[in-house]
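Next comes upload_30.cif, with mmCIF, C-alpha atoms.
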```
data_my_file
loop_
_atom_site.label_atom_id
_atom_site.label_comp_id
_atom_site.auth_asym_id
_atom_site.auth_seq_id
_atom_site.Cartn_x
_atom_site.Cartn_y
_atom_site.Cartn_z
CA MET A 384 124.30 84.63 71.84
CA ASP A 385 127.15 82.51 73.01
CA LYS A 386 126.60 80.53 76.23
CA LEU A 387 130.21 81.08 77.30
CA GLU A 388 129.83 84.85 76.99
CA GLU A 389 126.57 84.70 78.92
CA ARG A 390 128.25 82.77 81.75
CA GLU A 391 131.15 85.22 81.76
CA CYS A 392 128.73 88.14 82.06
CA ALA A 393 126.90 86.36 84.88
CA ALA A 394 130.22 85.90 86.71
CA ILE A 395 131.13 89.54 86.09
CA GLY A 396 127.71 90.55 87.42
CA ARG A 397 128.32 88.56 90.60
CA LYS A 398 131.81 90.04 91.10
CA ILE A 399 130.69 93.60 90.59
CA ALA A 400 127.65 93.01 92.82
CA LEU A 401 129.85 91.85 95.67
CA ARG A 402 132.14 94.85 95.22
CA CYS A 403 129.17 97.21 95.18
CA ALA A 404 127.73 95.58 98.33
CA LEU A 405 130.89 96.26 100.37
CA PRO A 406 130.26 99.99 100.99
CA THR A 407 126.64 99.20 101.82
CA ALA A 408 127.75 96.61 104.37
CA LEU A 409 130.22 99.04 105.97
CA VAL A 410 127.61 101.79 106.26
CA PHE A 411 125.11 99.32 107.65
CA LEU A 412 127.61 98.10 110.24
CA ALA A 413 128.43 101.69 111.27
CA VAL A 414 124.72 102.45 111.72
CA MET A 415 124.26 99.29 113.79
CA ILE A 416 127.17 100.29 116.05
CA TYR A 417 125.80 103.80 116.44
CA VAL A 418 122.28 102.60 117.28
CA HIS A 419 123.55 100.03 119.75
CA ILE A 420 125.82 102.53 121.54
CA ASP A 421 123.01 105.08 121.63
CA LEU A 422 120.54 102.57 123.09
CA TYR A 423 123.14 101.24 125.53
CA LEU A 424 124.03 104.68 126.86
CA GLU A 425 120.36 105.63 127.33
CA GLN A 426 119.83 102.80 129.81
CA GLU A 427 120.46 103.15 133.48
CA PRO A 428 123.78 101.68 134.65
CA GLN A 429 121.98 98.91 136.58
CA ARG A 430 120.06 97.78 133.46
CA GLN A 431 122.96 97.74 130.99
CA ASN A 432 123.36 94.20 129.71
CA PRO A 433 126.64 93.28 127.98
CA VAL A 434 125.15 89.96 126.84
CA ALA A 435 122.64 91.86 124.67
CA GLY A 436 125.54 93.55 122.89
CA LEU A 437 127.20 90.19 122.30
CA LEU A 438 123.99 88.81 120.80
CA TYR A 439 123.50 91.97 118.77
CA PHE A 440 126.96 91.95 117.20
CA GLY A 441 127.61 88.23 117.44
CA VAL A 442 124.38 86.98 115.90
CA LEU A 443 122.28 89.72 114.32
CA ALA A 444 124.98 91.70 112.50
CA PRO A 445 126.68 88.69 110.83
CA THR A 446 123.29 87.26 109.86
CA ILE A 447 122.17 90.47 108.19
CA LEU A 448 125.53 91.03 106.48
CA GLY A 449 125.53 87.41 105.32
CA VAL A 450 122.06 87.81 103.83
CA LEU A 451 123.22 91.00 102.11
CA TYR A 452 126.18 89.23 100.50
CA LEU A 453 124.22 86.11 99.54
CA ALA A 454 121.44 88.17 98.00
CA SER A 455 123.97 90.36 96.26
CA ALA A 456 125.82 87.40 94.75
CA PHE A 457 122.67 85.53 93.72
CA LEU A 458 120.84 88.54 92.30
CA GLY A 459 124.06 89.88 90.76
CA ARG A 460 124.50 86.69 88.76
CA ILE A 461 120.92 86.86 87.51
CA ALA A 462 121.27 90.56 86.71
CA GLY A 463 124.51 89.92 84.81
CA ARG A 464 122.72 87.40 82.60
CA LEU A 465 119.79 89.74 82.05
CA ILE A 466 122.08 92.63 81.14
CA TYR A 467 123.90 90.42 78.64
CA ARG A 468 120.60 89.44 77.03
CA GLU A 469 119.24 93.00 77.17
CA THR A 470 118.82 94.61 73.76
CA ALA A 471 117.69 98.03 75.02
CA GLY A 472 121.27 99.06 75.75
CA PHE A 473 122.37 101.08 78.75
CA ALA A 474 118.85 102.17 79.78
CA GLY A 475 117.82 98.56 80.29
CA ALA A 476 121.04 97.88 82.19
CA TYR A 477 120.30 100.77 84.55
CA PHE A 478 116.82 99.48 85.35
CA ILE A 479 118.12 95.94 85.88
CA GLY A 480 120.84 97.35 88.15
CA ILE A 481 118.31 99.31 90.19
CA GLY A 482 116.22 96.15 90.51
CA TRP A 483 119.33 94.29 91.73
CA ALA A 484 120.05 96.92 94.40
CA LEU A 485 116.44 97.10 95.59
CA GLY A 486 116.30 93.30 95.75
CA CYS A 487 119.40 93.19 97.96
CA TYR A 488 118.09 95.88 100.30
CA VAL A 489 114.63 94.36 100.53
CA SER A 490 116.09 90.94 101.39
CA VAL A 491 118.04 92.52 104.27
CA ALA A 492 114.92 94.40 105.38
CA ALA A 493 112.95 91.14 105.33
CA VAL A 494 115.46 89.47 107.65
CA MET A 495 115.43 92.49 109.97
CA PHE A 496 111.62 92.45 109.89
CA ILE A 497 111.50 88.79 110.90
CA VAL A 498 114.04 89.30 113.70
CA PHE A 499 112.24 92.33 115.09
CA LEU A 500 108.83 90.69 114.69
CA VAL A 501 109.97 87.68 116.70
CA SER A 502 111.22 90.00 119.44
CA ALA A 503 107.99 92.06 119.51
CA THR A 504 105.99 91.63 122.68
CA SER A 505 102.61 93.05 121.70
CA LYS A 506 100.46 93.84 118.68
CA LEU A 507 101.41 97.51 119.01
CA ASP A 508 105.08 96.52 118.75
CA MET A 509 104.31 94.45 115.64
CA PHE A 510 102.55 97.42 114.04
CA PHE A 511 105.46 99.68 114.99
CA VAL A 512 108.04 97.28 113.57
CA THR A 513 106.08 96.83 110.34
CA SER A 514 105.68 100.56 109.80
CA LEU A 515 109.30 101.24 110.78
CA VAL A 516 110.69 98.70 108.30
CA GLY A 517 108.43 100.01 105.53
CA LEU A 518 109.38 103.61 106.25
CA THR A 519 113.06 102.72 106.38
CA ILE A 520 112.91 101.02 103.00
CA GLY A 521 110.97 103.90 101.49
CA MET A 522 113.08 106.74 102.84
CA TYR A 523 116.59 105.49 103.32
CA VAL A 524 116.93 102.73 100.75
CA SER A 525 115.40 104.19 97.59
CA LEU A 526 118.03 106.81 96.74
CA PRO A 527 121.09 104.64 97.51
CA ALA A 528 119.51 101.78 95.55
CA ILE A 529 119.01 104.02 92.54
CA LEU A 530 122.58 105.33 92.69
CA LEU A 531 124.18 101.95 93.38
CA GLY A 532 122.00 100.21 90.80
CA THR A 533 122.91 102.76 88.15
CA LEU A 534 126.62 102.27 88.89
CA TYR A 535 126.18 98.48 88.82
CA GLY A 536 124.26 98.55 85.53
CA PHE A 537 126.85 100.79 83.90
CA LEU A 538 129.83 98.69 85.02
CA VAL A 539 128.32 95.33 84.08
CA ARG A 540 127.04 96.57 80.72
CA ARG A 541 130.44 98.04 79.86
CA LYS A 542 132.26 94.80 80.73
CA CYS A 543 129.73 92.65 78.86
CA VAL A 544 129.97 94.84 75.76
CA THR A 545 133.77 94.46 75.90
CA ILE A 546 133.42 90.66 76.10
CA SER A 547 130.97 90.62 73.19
CA ARG A 548 133.34 92.63 71.01
CA LYS A 549 136.29 90.35 71.77
CA GLY A 550 134.28 87.23 70.98
#
```
Using structure tokens, write down the structure that the file contains.
Amino acid sequence: MDKLEERECAAIGRKIALRCALPTALVFLAVMIYVHIDLYLEQEPQRQNPVAGLLYFGVLAPTILGVLYLASAFLGRIAGRLIYRETAGFAGAYFIGIGWALGCYVSVAAVMFIVFLVSATSKLDMFFVTSLVGLTIGMYVSLPAILLGTLYGFLVRRKCVTISRKG
């Protein structure tokens, strides 16, 4: 194995990971907007607080999207190296890709969990937040992670095989 080829595959893994994270970030932002508007409209007009919206979109959304991109870049680089070293072929690349996607989603869920846990006011709220985050990961993250991870594994493996053949 050539170290230069391994570094190239790691860089390719990071690039493809950031490209694959873009649709996830856009969907996540759309869901955040929908939830915020829904919660805002449910409140009585006297209790509507525009400062909460500013904090929500000015602090929480960029933090979560930043964590998503940092985790995607970091884990994508590691996954690119692992896919280059993988001898099992495309099957191994798919499983590494799925691990990359789940790692990115779980890192975002961990940040959301910490933010919501800090804002919880009672033990019942903490239990609710914990179960909600776990349920969200289980139900809404598993299928997209499998699909996105499969796409990631396929694209990185194909590029790394092309680099290996040229070298």
>> Using only C-alpha atoms, can you tell me which of A:Ala476, A:Ala492, A:Ala400, A:Leu405 comes closest to A:Phe457?
In response: A:Ala400
> Quick one: which residues end up in the PyMOL selection byres ((chain A and resi 396) around 7) for this structure, as a PyMOL selection string?
Replying inline: chain A and resi 392-395+397-400+459-460+462-463+539
>> With distances taken over only C-alpha atoms, which residue among A:Gly532, A:Ser525, A:Ser455, A:Gly449 lies nearest A:Gly482?
In response: A:Gly532
>> Applying the PyMOL selection byres ((chain A and resi 486) around 12) to the file I just gave you, which residues come out? Please list them as a PyMOL selection string.
In response: chain A and resi 400+404+450-459+461-462+479-485+487-493+520+524-525+528-529+531-532
> What does the distance from atom CA of A:Ala474 to atom CA of A:Val410 come to in Å, to one decimal?
Replying inline: 27.9 Å
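Note that the spacing between atom CA of A:Thr533 and atom CA of A:Cys403 amounts to 10.9 Å.
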What are the centre and the three edge lengths of an axis-aligned box that wraps all atoms of stretch 396-407 of chain A in the file, given that 4 Å is added to every side, written as JSON and rounded to one decimal in Å?
```
{"center_x": 129.4, "center_y": 94.3, "center_z": 94.6, "size_x": 13.5, "size_y": 19.4, "size_z": 22.4}
```
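Between atom CA of A:Leu387 and atom CA of A:Phe478 the interatomic distance comes to 24.1 Å.
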>> Going by the chain IDs and residue numbers used in this file, which residues fall under the PyMOL selection byres ((chain A and resi 541-549) around 9)? Write them as a ChimeraX atom specification.
In response: /A:385,388-389,391-392,395,463,466-467,473,536-540,550
>> My list of candidates is A:Leu534, A:Phe511, A:Leu412, A:Leu526. Which is closest to A:Thr446 when distances are computed with all atoms listed in the file?
In response: A:Leu412
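Shortest atom-to-atom contact with A:Val494 among A:Leu448, A:Leu465, A:Leu530, A:Leu518: A:Leu448, counting only C-alpha atoms.
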